[in-house]
$ cat model-v2.cif   # mmCIF, C-alpha atoms
data_start
loop_
_atom_site.label_atom_id
_atom_site.label_comp_id
_atom_site.auth_asym_id
_atom_site.auth_seq_id
_atom_site.Cartn_x
_atom_site.Cartn_y
_atom_site.Cartn_z
CA MET A 1 21.97 -21.82 20.34
CA GLN A 2 21.44 -25.25 21.78
CA VAL A 3 23.74 -26.73 24.40
CA LEU A 4 24.44 -30.40 25.04
CA LEU A 5 26.09 -31.20 28.37
CA PRO A 6 27.29 -34.81 28.49
CA GLN A 7 28.55 -36.26 31.79
CA THR A 8 30.63 -39.04 30.24
CA LEU A 9 32.53 -39.74 27.03
CA ASP A 10 29.99 -42.44 26.09
CA GLU A 11 27.17 -39.98 26.49
CA ALA A 12 29.06 -37.40 24.44
CA CYS A 13 29.50 -39.86 21.54
CA THR A 14 25.81 -40.80 21.67
CA MET A 15 24.68 -37.16 21.72
CA LEU A 16 26.94 -36.37 18.80
CA ALA A 17 25.60 -39.33 16.81
CA GLU A 18 21.99 -38.43 17.65
CA SER A 19 22.49 -34.83 16.57
CA GLN A 20 23.28 -36.21 13.10
CA GLY A 21 26.28 -34.03 12.67
CA ARG A 22 24.52 -30.87 13.79
CA ALA A 23 26.27 -30.47 17.13
CA VAL A 24 29.71 -28.90 17.25
CA PRO A 25 32.07 -30.09 20.00
CA ILE A 26 33.33 -27.23 22.15
CA ALA A 27 36.39 -27.41 24.40
CA GLY A 28 38.06 -24.26 25.77
CA GLY A 29 36.01 -22.13 23.39
CA THR A 30 38.84 -19.67 22.69
CA ASP A 31 38.50 -20.04 18.91
CA LEU A 32 34.71 -20.12 18.87
CA ILE A 33 33.89 -17.22 21.19
CA VAL A 34 36.49 -14.83 19.80
CA HIS A 35 34.58 -14.76 16.49
CA TRP A 36 31.15 -15.02 18.12
CA PRO A 37 29.85 -11.43 17.65
CA CYS A 38 30.49 -11.46 13.87
CA ASN A 39 29.78 -15.14 13.24
CA ILE A 40 25.97 -15.06 13.23
CA GLU A 41 25.80 -18.50 11.63
CA ALA A 42 27.42 -19.95 14.75
CA HIS A 43 24.52 -18.71 16.90
CA GLN A 44 22.11 -21.15 15.24
CA LYS A 45 24.13 -24.27 16.01
CA ALA A 46 24.10 -26.81 18.82
CA TYR A 47 27.23 -27.16 20.95
CA LEU A 48 28.44 -30.25 22.76
CA ASP A 49 30.49 -29.19 25.78
CA ILE A 50 33.26 -31.76 26.22
CA SER A 51 35.52 -29.45 28.26
CA THR A 52 34.54 -31.10 31.54
CA LEU A 53 35.07 -34.74 30.50
CA ASP A 54 37.81 -35.98 32.83
CA GLU A 55 38.15 -39.12 30.69
CA LEU A 56 39.77 -36.92 28.03
CA LYS A 57 42.20 -35.21 30.41
CA PHE A 58 45.39 -37.23 30.79
CA ILE A 59 49.07 -37.34 29.93
CA THR A 60 50.39 -40.92 29.84
CA LEU A 61 53.97 -41.90 29.11
CA SER A 62 54.09 -45.61 28.25
CA GLY A 63 57.00 -47.76 27.10
CA ASP A 64 56.90 -46.66 23.52
CA SER A 65 54.69 -43.60 23.33
CA LEU A 66 53.30 -40.44 24.87
CA ILE A 67 49.51 -40.34 24.82
CA VAL A 68 47.76 -37.07 25.58
CA GLY A 69 44.02 -36.77 26.12
CA ALA A 70 42.07 -34.40 23.88
CA MET A 71 40.99 -32.06 26.69
CA THR A 72 44.50 -31.59 28.05
CA THR A 73 45.15 -27.85 28.05
CA PHE A 74 48.31 -26.17 26.82
CA TRP A 75 49.00 -25.06 30.37
CA GLU A 76 48.79 -28.64 31.67
CA THR A 77 51.41 -29.60 29.09
CA ILE A 78 53.64 -26.63 29.86
CA THR A 79 53.71 -27.62 33.52
CA SER A 80 54.34 -31.32 32.84
CA LYS A 81 57.97 -32.19 33.61
CA GLN A 82 57.63 -35.47 31.71
CA VAL A 83 56.56 -33.74 28.52
CA GLU A 84 59.14 -31.01 28.85
CA SER A 85 62.10 -33.34 29.21
CA GLU A 86 61.24 -35.66 26.34
CA PHE A 87 59.15 -33.55 23.94
CA PRO A 88 60.36 -29.99 24.46
CA LEU A 89 58.74 -28.71 21.25
CA LEU A 90 55.30 -29.41 22.71
CA VAL A 91 56.09 -27.08 25.61
CA GLN A 92 57.77 -24.49 23.39
CA SER A 93 54.82 -24.34 21.02
CA ALA A 94 52.25 -24.32 23.84
CA LYS A 95 54.04 -21.36 25.46
CA GLU A 96 53.72 -19.44 22.17
CA ILE A 97 49.96 -19.89 21.93
CA GLY A 98 48.21 -16.71 23.04
CA SER A 99 48.75 -15.68 26.65
CA VAL A 100 48.59 -17.68 29.89
CA GLN A 101 44.85 -16.90 29.95
CA ILE A 102 44.48 -18.64 26.58
CA GLN A 103 46.83 -21.49 27.45
CA THR A 104 44.79 -22.40 30.53
CA ARG A 105 41.65 -22.79 28.37
CA GLY A 106 42.97 -23.88 24.98
CA THR A 107 43.28 -27.61 24.38
CA TRP A 108 45.36 -29.71 22.01
CA ALA A 109 42.23 -31.19 20.48
CA GLY A 110 40.88 -27.70 19.88
CA ASN A 111 44.08 -26.75 18.08
CA ILE A 112 43.76 -29.85 15.88
CA ALA A 113 39.98 -29.64 15.36
CA ASN A 114 40.03 -25.97 14.40
CA ALA A 115 42.36 -27.04 11.56
CA SER A 116 43.86 -23.58 11.19
CA PRO A 117 46.90 -23.30 8.90
CA ALA A 118 48.45 -21.17 11.67
CA ALA A 119 48.07 -23.76 14.46
CA ASP A 120 51.28 -23.73 16.50
CA GLY A 121 50.46 -26.87 18.48
CA VAL A 122 49.89 -28.88 15.31
CA LEU A 123 53.30 -27.77 14.06
CA ALA A 124 55.09 -29.40 17.00
CA LEU A 125 52.86 -32.48 16.98
CA MET A 126 53.54 -33.13 13.31
CA ALA A 127 57.29 -32.78 13.79
CA TYR A 128 57.00 -35.58 16.37
CA ASP A 129 55.00 -37.86 14.00
CA ALA A 130 51.88 -37.65 16.17
CA SER A 131 48.74 -39.54 15.24
CA VAL A 132 45.19 -38.61 16.18
CA THR A 133 42.67 -41.05 17.65
CA LEU A 134 39.05 -40.31 16.80
CA ILE A 135 36.15 -41.85 18.70
CA SER A 136 32.47 -42.27 17.86
CA THR A 137 29.66 -44.71 18.65
CA HIS A 138 31.21 -46.92 15.92
CA GLY A 139 34.53 -47.24 17.74
CA THR A 140 37.90 -45.60 17.29
CA ARG A 141 40.31 -45.00 14.44
CA GLU A 142 43.81 -43.60 14.33
CA ILE A 143 45.09 -41.23 11.65
CA PRO A 144 48.65 -39.93 11.25
CA LEU A 145 48.50 -36.17 11.77
CA HIS A 146 50.34 -35.43 8.51
CA GLU A 147 47.44 -37.10 6.66
CA TYR A 148 44.70 -35.72 8.90
CA PHE A 149 44.16 -32.31 7.28
CA LEU A 150 42.57 -32.17 3.83
CA ASP A 151 42.36 -28.47 3.09
CA TYR A 152 41.91 -25.07 4.74
CA LYS A 153 40.01 -25.74 8.02
CA CYS A 154 39.05 -29.16 6.70
CA SER A 155 40.06 -32.50 8.17
CA GLN A 156 39.25 -36.21 8.03
CA ARG A 157 37.15 -35.98 11.22
CA GLN A 158 33.53 -36.85 10.51
CA PRO A 159 30.75 -34.84 12.22
CA ASP A 160 29.94 -37.76 14.57
CA GLU A 161 33.56 -38.18 15.69
CA LEU A 162 35.36 -36.63 18.65
CA ILE A 163 39.09 -36.29 19.00
CA HIS A 164 39.95 -38.67 21.81
CA SER A 165 43.71 -38.26 22.12
CA PHE A 166 46.95 -37.97 20.24
CA CYS A 167 49.87 -40.33 20.40
CA ILE A 168 53.56 -39.61 19.83
CA PRO A 169 56.13 -42.42 19.41
CA ARG A 170 59.04 -42.17 21.88
CA ARG A 171 62.28 -41.78 19.97
CA SER A 172 65.68 -40.48 20.69
CA PHE A 173 65.96 -37.12 18.99
CA THR A 174 69.32 -35.69 17.90
CA PHE A 175 67.83 -32.36 16.85
CA ASP A 176 64.75 -30.35 17.65
CA TYR A 177 63.83 -26.80 16.75
CA PHE A 178 60.74 -24.62 16.91
CA GLU A 179 60.44 -21.02 15.82
CA LYS A 180 57.48 -18.76 15.37
CA VAL A 181 57.57 -15.39 13.64
CA GLY A 182 54.76 -12.95 14.38
CA SER A 183 54.25 -9.23 14.79
CA ARG A 184 55.12 -9.30 18.50
CA GLN A 185 57.22 -11.26 20.98
CA ALA A 186 54.16 -12.66 22.73
CA GLN A 187 50.47 -13.21 22.15
CA THR A 188 50.65 -13.10 18.39
CA ILE A 189 49.37 -15.20 15.50
CA THR A 190 52.01 -16.84 13.36
CA LYS A 191 53.10 -15.22 10.08
CA VAL A 192 55.42 -18.12 9.45
CA GLY A 193 56.53 -20.93 11.74
CA VAL A 194 58.66 -24.03 11.54
CA ALA A 195 59.37 -27.12 13.63
CA ILE A 196 62.21 -29.50 12.82
CA THR A 197 63.23 -32.81 14.38
CA ASN A 198 65.75 -35.51 13.57
CA SER A 199 65.62 -39.04 14.96
CA SER A 200 66.31 -42.60 13.86
CA SER A 201 63.20 -42.19 11.70
CA GLY A 202 64.77 -39.32 9.81
CA TRP A 203 64.19 -35.62 9.39
CA ARG A 204 60.85 -33.94 9.86
CA VAL A 205 60.43 -30.35 8.70
CA VAL A 206 56.98 -28.86 9.29
CA ALA A 207 55.82 -25.34 8.47
CA ASN A 208 52.69 -23.37 9.31
CA SER A 209 50.94 -20.29 7.89
CA VAL A 210 52.46 -21.02 4.47
CA ALA A 211 49.79 -23.32 2.99
CA PRO A 212 46.06 -24.03 3.42
CA MET A 213 47.01 -26.33 6.29
CA VAL A 214 50.05 -27.10 8.42
CA ARG A 215 52.45 -28.91 6.05
CA ARG A 216 55.28 -31.39 6.16
CA CYS A 217 58.04 -30.11 3.85
CA TYR A 218 58.93 -33.41 2.19
CA GLN A 219 61.27 -31.96 -0.43
CA VAL A 220 63.31 -30.15 2.22
CA GLU A 221 63.37 -33.33 4.30
CA GLN A 222 64.80 -35.17 1.29
CA LEU A 223 67.54 -32.60 0.86
CA LEU A 224 68.52 -33.19 4.48
CA GLU A 225 68.38 -36.98 4.14
CA LYS A 226 70.63 -36.76 1.07
CA LYS A 227 72.94 -34.36 2.92
CA ALA A 228 72.60 -32.04 -0.05
CA ARG A 229 74.98 -29.11 -0.11
CA ILE A 230 73.11 -26.00 1.02
CA GLN A 231 75.34 -22.94 0.98
CA GLN A 232 72.77 -20.24 1.51
CA PRO A 233 69.10 -19.88 2.46
CA ASP A 234 68.07 -19.40 -1.18
CA ASP A 235 69.32 -22.91 -1.96
CA LEU A 236 66.24 -24.17 -0.09
CA LEU A 237 63.75 -22.21 -2.17
CA ALA A 238 63.32 -24.68 -5.04
CA ALA A 239 62.42 -27.44 -2.58
CA LEU A 240 60.23 -25.14 -0.48
CA ASP A 241 58.29 -24.00 -3.52
CA GLN A 242 57.19 -27.60 -4.03
CA ASP A 243 56.33 -28.01 -0.35
CA VAL A 244 54.39 -24.85 0.50
CA SER A 245 52.20 -22.22 -1.18
CA PRO A 246 52.15 -19.04 0.92
CA ILE A 247 49.67 -16.26 0.17
CA ASP A 248 49.27 -12.55 0.89
CA ASP A 249 46.77 -11.97 3.69
CA ILE A 250 46.08 -9.65 6.64
CA ARG A 251 49.15 -10.88 8.55
CA SER A 252 51.86 -10.99 5.95
CA THR A 253 52.81 -11.48 2.31
CA ALA A 254 53.69 -14.56 0.30
CA ALA A 255 57.14 -13.15 -0.50
CA TYR A 256 57.94 -12.41 3.14
CA ARG A 257 56.78 -15.85 4.29
CA ARG A 258 58.77 -17.69 1.61
CA CYS A 259 61.89 -15.68 2.35
CA VAL A 260 61.67 -15.99 6.14
CA LEU A 261 60.86 -19.71 6.07
CA SER A 262 63.97 -20.47 4.03
CA ARG A 263 66.08 -18.44 6.44
CA LEU A 264 64.59 -19.99 9.57
CA ILE A 265 65.39 -23.48 8.27
CA TYR A 266 68.82 -22.54 6.99
CA TYR A 267 70.02 -20.85 10.16
CA ALA A 268 68.45 -23.49 12.42
CA LEU A 269 70.45 -26.22 10.69
CA ARG A 270 73.66 -24.45 9.78
CA GLU A 271 75.43 -25.19 13.05
CA HIS A 272 74.06 -28.70 13.27
CA CYS A 273 74.78 -29.99 9.77
CA PRO A 274 78.48 -30.08 8.89
CA TRP A 275 77.70 -30.99 5.27
CA TYR A 276 75.79 -27.76 4.83
CA SER A 277 78.50 -25.68 3.26
CA MET B 278 21.05 -33.16 29.56
CA THR B 279 19.84 -31.06 26.63
CA ILE B 280 18.80 -27.45 26.60
CA ALA B 281 16.02 -26.77 24.17
CA PRO B 282 16.56 -23.77 21.89
CA GLU B 283 13.12 -22.34 22.65
CA ASN B 284 13.85 -21.52 26.28
CA ASN B 285 17.61 -21.33 25.72
CA MET B 286 18.33 -21.03 29.45
CA VAL B 287 20.82 -23.04 31.48
CA ASP B 288 20.91 -23.45 35.25
CA VAL B 289 24.48 -23.15 36.43
CA SER B 290 25.89 -23.62 39.94
CA PHE B 291 29.44 -22.66 40.72
CA THR B 292 31.58 -21.38 43.57
CA LEU B 293 32.18 -17.65 43.37
CA ASN B 294 34.70 -16.12 45.76
CA GLY B 295 34.17 -19.00 48.17
CA LYS B 296 30.36 -19.02 48.09
CA LEU B 297 28.09 -21.29 46.11
CA VAL B 298 25.92 -19.42 43.60
CA ASP B 299 23.06 -20.60 41.38
CA VAL B 300 22.17 -18.66 38.27
CA SER B 301 19.85 -19.19 35.36
CA VAL B 302 21.59 -17.78 32.30
CA SER B 303 21.16 -17.65 28.57
CA ALA B 304 23.25 -20.31 26.81
CA THR B 305 25.14 -17.56 25.02
CA ASP B 306 26.01 -15.55 28.15
CA ARG B 307 29.69 -15.22 28.79
CA LEU B 308 31.07 -15.56 32.30
CA LEU B 309 31.87 -11.84 32.08
CA ASP B 310 28.18 -10.99 31.45
CA THR B 311 27.01 -13.21 34.30
CA LEU B 312 29.50 -11.70 36.76
CA ARG B 313 28.76 -8.10 35.86
CA TYR B 314 25.05 -8.07 35.06
CA ASP B 315 23.49 -11.02 36.92
CA LEU B 316 25.72 -11.15 39.98
CA ARG B 317 26.47 -7.41 40.03
CA LEU B 318 30.20 -7.85 40.46
CA ALA B 319 31.36 -5.06 38.19
CA GLY B 320 35.01 -5.16 39.27
CA THR B 321 35.83 -7.43 36.33
CA LYS B 322 36.07 -5.17 33.27
CA GLU B 323 35.36 -5.74 29.62
CA GLY B 324 38.19 -4.44 27.45
CA CYS B 325 38.56 -5.90 23.98
CA GLY B 326 36.02 -8.69 24.43
CA GLU B 327 38.16 -11.01 22.32
CA GLY B 328 40.72 -12.47 24.69
CA GLU B 329 43.59 -10.13 23.86
CA CYS B 330 43.72 -7.53 26.62
CA GLY B 331 43.13 -9.49 29.84
CA ALA B 332 41.04 -6.75 31.53
CA CYS B 333 38.46 -9.45 32.34
CA THR B 334 40.97 -11.87 33.92
CA VAL B 335 39.51 -13.99 36.72
CA LEU B 336 40.77 -17.23 38.25
CA LEU B 337 39.00 -20.44 37.23
CA ASP B 338 39.97 -23.35 39.48
CA GLY B 339 42.95 -21.23 40.50
CA LEU B 340 44.22 -20.39 37.00
CA PRO B 341 43.90 -17.07 35.13
CA VAL B 342 41.36 -17.06 32.29
CA ASN B 343 39.61 -14.40 30.19
CA ALA B 344 35.99 -14.17 31.39
CA CYS B 345 35.04 -12.81 27.94
CA LEU B 346 35.98 -16.10 26.25
CA ILE B 347 34.05 -18.53 28.45
CA PHE B 348 30.38 -19.40 28.20
CA THR B 349 28.90 -19.32 31.70
CA PHE B 350 27.58 -22.87 31.33
CA GLN B 351 31.19 -24.03 31.08
CA VAL B 352 31.96 -23.04 34.69
CA ARG B 353 29.26 -25.28 36.22
CA ASN B 354 30.56 -26.96 39.39
CA ARG B 355 33.83 -25.05 39.17
CA GLU B 356 35.46 -22.35 41.25
CA VAL B 357 35.68 -18.73 40.12
CA GLN B 358 37.60 -16.00 41.90
CA THR B 359 37.22 -12.33 40.97
CA ILE B 360 38.87 -9.06 41.97
CA GLU B 361 36.17 -8.59 44.63
CA SER B 362 37.81 -11.40 46.66
CA ILE B 363 41.09 -9.48 47.01
CA ASP B 364 41.83 -7.66 50.28
CA ALA B 365 43.09 -4.09 49.94
CA HIS B 366 46.28 -4.87 51.88
CA GLU B 367 47.31 -7.28 49.13
CA LEU B 368 47.64 -4.27 46.82
CA GLU B 369 50.20 -2.33 48.88
CA GLU B 370 53.04 -2.80 46.39
CA PHE B 371 50.79 -1.70 43.53
CA HIS B 372 50.17 1.56 45.40
CA SER B 373 53.74 2.15 46.49
CA GLU B 374 55.13 1.55 42.97
CA GLY B 375 52.34 3.53 41.30
CA ALA B 376 51.39 0.48 39.26
CA THR B 377 48.10 1.89 38.18
CA GLN B 378 47.26 4.72 35.83
CA CYS B 379 43.81 4.97 34.25
CA GLY B 380 42.83 1.78 36.06
CA ALA B 381 41.01 0.05 33.20
CA CYS B 382 43.42 -2.87 33.13
CA SER B 383 44.04 -2.97 36.89
CA PRO B 384 41.51 -5.61 38.01
CA GLY B 385 42.84 -8.04 35.39
CA VAL B 386 46.46 -7.14 36.07
CA VAL B 387 45.96 -7.69 39.80
CA MET B 388 44.41 -11.13 39.27
CA THR B 389 47.31 -12.32 37.11
CA ALA B 390 49.95 -10.63 39.27
CA LEU B 391 48.65 -12.11 42.53
CA TRP B 392 48.45 -15.54 40.89
CA ILE B 393 52.14 -15.23 40.00
CA ARG B 394 52.98 -13.97 43.50
CA ASN B 395 51.19 -16.94 45.02
CA HIS B 396 53.07 -19.35 42.73
CA PRO B 397 56.64 -18.00 42.69
CA SER B 398 57.97 -21.28 41.28
CA LEU B 399 56.47 -20.19 37.94
CA LEU B 400 59.45 -17.89 37.58
CA GLN B 401 61.78 -20.90 37.29
CA THR B 402 60.22 -21.73 33.93
CA HIS B 403 58.79 -18.41 32.77
CA GLN B 404 59.85 -14.78 32.49
CA LEU B 405 57.68 -12.42 34.50
CA SER B 406 56.94 -10.33 31.41
CA ARG B 407 55.77 -13.39 29.46
CA LEU B 408 53.45 -14.45 32.28
CA MET B 409 51.96 -10.94 32.24
CA ALA B 410 51.78 -10.77 28.42
CA GLY B 411 48.04 -11.44 28.44
CA ASN B 412 47.34 -8.22 30.35
CA LEU B 413 47.63 -5.13 28.19
CA CYS B 414 47.94 -1.68 29.78
CA ARG B 415 47.04 1.00 27.28
CA CYS B 416 48.74 3.61 29.47
CA THR B 417 51.87 1.45 29.01
CA GLY B 418 52.48 1.29 32.75
CA TYR B 419 54.28 -2.03 32.42
CA ASP B 420 57.49 -1.11 34.23
CA ALA B 421 55.62 -0.11 37.38
CA ILE B 422 53.49 -3.25 37.22
CA VAL B 423 56.55 -5.48 36.92
CA LYS B 424 58.37 -3.52 39.66
CA SER B 425 55.44 -3.83 42.04
CA LEU B 426 55.32 -7.55 41.42
CA GLU B 427 59.06 -7.92 41.95
CA ALA B 428 58.75 -5.92 45.19
CA SER B 429 55.88 -8.08 46.30
CA LEU B 430 57.80 -11.29 45.50
CA SER B 431 60.91 -10.16 47.36
CA ILE B 432 58.92 -9.16 50.46
CA GLN B 433 57.33 -12.59 50.34
CA GLU B 434 60.75 -14.23 50.07
CA ARG B 435 62.11 -12.28 53.08
CA ASN B 436 59.16 -13.35 55.20
#
$ encode --input "model-v2.cif" --output "structure tokens"
Amino acid sequence: MQVLLPQTLDEACTMLAESQGRAVPIAGGTDLIVHWPCNIEAHQKAYLDISTLDELKFITLSGDSLIVGAMTTFWETITSKQVESEFPLLVQSAKEIGSVQIQTRGTWAGNIANASPAADGVLALMAYDASVTLISTHGTREIPLHEYFLDYKCSQRQPDELIHSFCIPRRSFTFDYFEKVGSRQAQTITKVGVAITNSSSGWRVVANSVAPMVRRCYQVEQLLEKKARIQQPDDLLAALDQDVSPIDDIRSTAAYRRCVLSRLIYYALREHCPWYS
Amino acid sequence: MTIAPENNMVDVSFTLNGKLVDVSVSATDRLLDTLRYDLRLAGTKEGCGEGECGACTVLLDGLPVNACLIFTFQVRNREVQTIESIDAHELEEFHSEGATQCGACSPGVVMTALWIRNHPSLLQTHQLSRLMAGNLCRCTGYDAIVKSLEASLSIQERN
């Protein structure tokens, strides 16, 4: 194992470029170290420790957006009054990630970079139309989060790029909802989760643990935009089957996930949508 | 600063229980290993070793973390506080409520519990049980742990 310890963001970008894609950025390390004993391949790599870069630790509320630095931890978000009042789903999702001990180490960029289909932070970010800013020695580029993931644990980030920050447009939301279903009340990994928002930009329905990556449910969103009549949870299944592709794995089954997702969405919206039934 | 793979060692300075320490550790050493085997502070326990049980909870810059999930090089220039820094009198409510059984989880439980006690405003936004959710007690002594913490918080409020 080789360790690279940059002092500044500039230095970090240079080290990453010079490593020619060999170095892996490490933030809180909660995803990396938990698999360390059985992930022998990981022992041969070089790691770029960006956890101490203060330049990537900030929460800025500007006129039209919220910008959060990559190394901002879940705990820093949970304790931010600004974030809580305007983007409650960020706080709700952060509180559901592991325990306090994980939240104080885990970062938003780590949640995005790990590209897990079960990422709870990504779920909330996508429901708020977040975009990700990547930085490298070549400059920066911004990618909408719903286009950022390509496949299971695979994203548009190139090996020489670091996640710099994410940006959420400020909108007035008339509805927001986040729910996570796991084996326990706390400290559990999601079997199926959903985040829903409604604003002047329309409905956003995002689900996790039901596809190779966290997914926008565009067909369900369209049903809501059209104010389609939905009398029971099963009325959502045809749309959901186009949006997601759950599988059987160690945490749950495809059938359970499909069934629970339709019910979460249905019951979340039933009170809010008078056209429902 | 680059650490070559052939020597694989990193020099790390950090503040431990109020005192500056310098250690030379392997890049792969976890904070837990450094505390227990290099610095001989064996109060911090290894339970699951994968960030679930909280037996290895220490405070990093004042916040609870799992020492099994942090590479030691990541705490350079930072402040670490372990169970060894706690005075016995701070544990009175744990004794009086019997909030300890086999003791394996106790050092971690105490670190999280005293952090909550020292920041009572956390309870305006969090349930006590959720704040303690990262500390598992295999003897299932949760009620006594929560009671001792409530007792400790109410004594603090009265004073």
$ resolve_selection --input "model-v2.cif" --expression "the PyMOL selection byres ((chain A) within 10 of (chain B))" --output "compact mmCIF listing (two decimals) with C-alpha atoms, in the frame of the given file"
# COMPACT_ATOMS: atom_id res chain seq x y z
CA MET A 1 21.97 -21.82 20.34
CA GLN A 2 21.44 -25.25 21.78
CA VAL A 3 23.74 -26.73 24.40
CA LEU A 4 24.44 -30.40 25.04
CA LEU A 5 26.09 -31.20 28.37
CA PRO A 6 27.29 -34.81 28.49
CA GLN A 7 28.55 -36.26 31.79
CA GLU A 11 27.17 -39.98 26.49
CA MET A 15 24.68 -37.16 21.72
CA ILE A 26 33.33 -27.23 22.15
CA ALA A 27 36.39 -27.41 24.40
CA GLY A 28 38.06 -24.26 25.77
CA GLY A 29 36.01 -22.13 23.39
CA THR A 30 38.84 -19.67 22.69
CA ASP A 31 38.50 -20.04 18.91
CA LEU A 32 34.71 -20.12 18.87
CA ILE A 33 33.89 -17.22 21.19
CA VAL A 34 36.49 -14.83 19.80
CA HIS A 35 34.58 -14.76 16.49
CA TRP A 36 31.15 -15.02 18.12
CA PRO A 37 29.85 -11.43 17.65
CA HIS A 43 24.52 -18.71 16.90
CA GLN A 44 22.11 -21.15 15.24
CA LYS A 45 24.13 -24.27 16.01
CA ALA A 46 24.10 -26.81 18.82
CA TYR A 47 27.23 -27.16 20.95
CA LEU A 48 28.44 -30.25 22.76
CA ASP A 49 30.49 -29.19 25.78
CA ILE A 50 33.26 -31.76 26.22
CA SER A 51 35.52 -29.45 28.26
CA THR A 52 34.54 -31.10 31.54
CA TRP A 75 49.00 -25.06 30.37
CA ILE A 78 53.64 -26.63 29.86
CA THR A 79 53.71 -27.62 33.52
CA LYS A 95 54.04 -21.36 25.46
CA GLU A 96 53.72 -19.44 22.17
CA GLY A 98 48.21 -16.71 23.04
CA SER A 99 48.75 -15.68 26.65
CA VAL A 100 48.59 -17.68 29.89
CA GLN A 101 44.85 -16.90 29.95
CA ILE A 102 44.48 -18.64 26.58
CA GLN A 103 46.83 -21.49 27.45
CA THR A 104 44.79 -22.40 30.53
CA ARG A 105 41.65 -22.79 28.37
CA GLN A 185 57.22 -11.26 20.98
CA ALA A 186 54.16 -12.66 22.73
CA GLN A 187 50.47 -13.21 22.15
CA THR A 188 50.65 -13.10 18.39
$ closest_residue --input "model-v2.cif" --among "B:Cys416, B:Leu293, B:Ile432, B:Val387" --to "Glu356 in chain B" --atoms "all atoms listed in the file"
B:Leu293
$ residues_near_point --input "model-v2.cif" --point "(38.2, -2.4, 31.8)" --cutoff "10 Å" --atoms "all atoms listed in the file" --output "list of chain:residue names"
B:Ala319, B:Gly320, B:Thr321, B:Lys322, B:Glu323, B:Gly324, B:Cys325, B:Gly326, B:Cys330, B:Gly331, B:Ala332, B:Cys333, B:Cys379, B:Gly380, B:Ala381, B:Cys382, B:Ser383, B:Pro384, B:Gly385, B:Cys414
$ resolve_selection --input "model-v2.cif" --expression "the PyMOL selection byres ((chain A and resi 138-148) around 12)" --output "PyMOL selection string"
chain A and resi 10+13-14+16-17+109+112-113+115+121-137+149-158+160-169+204-207+213-218
$ atom_distance --input "model-v2.cif" --atom1 "CA of Leu312 in chain B" --atom2 "CA of Ile363 in chain B"
15.6 Å
$ atom_distance --input "model-v2.cif" --atom1 "CA of Asp54 in chain A" --atom2 "CA of Leu9 in chain A"
8.7 Å
$ residues_near_point --input "model-v2.cif" --point "(52.4, -28.5, 27.0)" --cutoff "10 Å" --atoms "only C-alpha atoms" --output "ChimeraX atom specification"
/A:59,68,72-84,87-95,103,107-108,121
$ atom_distance --input "model-v2.cif" --atom1 "CA of Ile196 in chain A" --atom2 "CA of Leu264 in chain A"
10.3 Å
$ closest_residue --input "model-v2.cif" --among "B:Ile360, B:Leu430, B:Val423, B:Ala390" --to "Arg313 in chain B" --atoms "only C-alpha atoms"
B:Ile360
$ axis_aligned_box --input "model-v2.cif" --around "range 33-43 of chain A" --padding-each-side "3 Å" --output "lines of an AutoDock Vina configuration file"
center_x = 30.5
center_y = -15.7
center_z = 16.4
size_x = 18.0
size_y = 14.5
size_z = 15.6
$ residues_around --input "model-v2.cif" --residues "Asp420 in chain B" --least-positions-apart "6" --cutoff "12 Å" --atoms "only C-alpha atoms" --output "PyMOL selection string"
chain B and resi 371+374-378+405-406+409+414+426-427
$ residues_around --input "model-v2.cif" --residues "range 256-260 of chain A" --least-positions-apart "3" --cutoff "6 Å" --atoms "all atoms listed in the file" --output "MDAnalysis selection string"
chainID A and resid 192 253 263
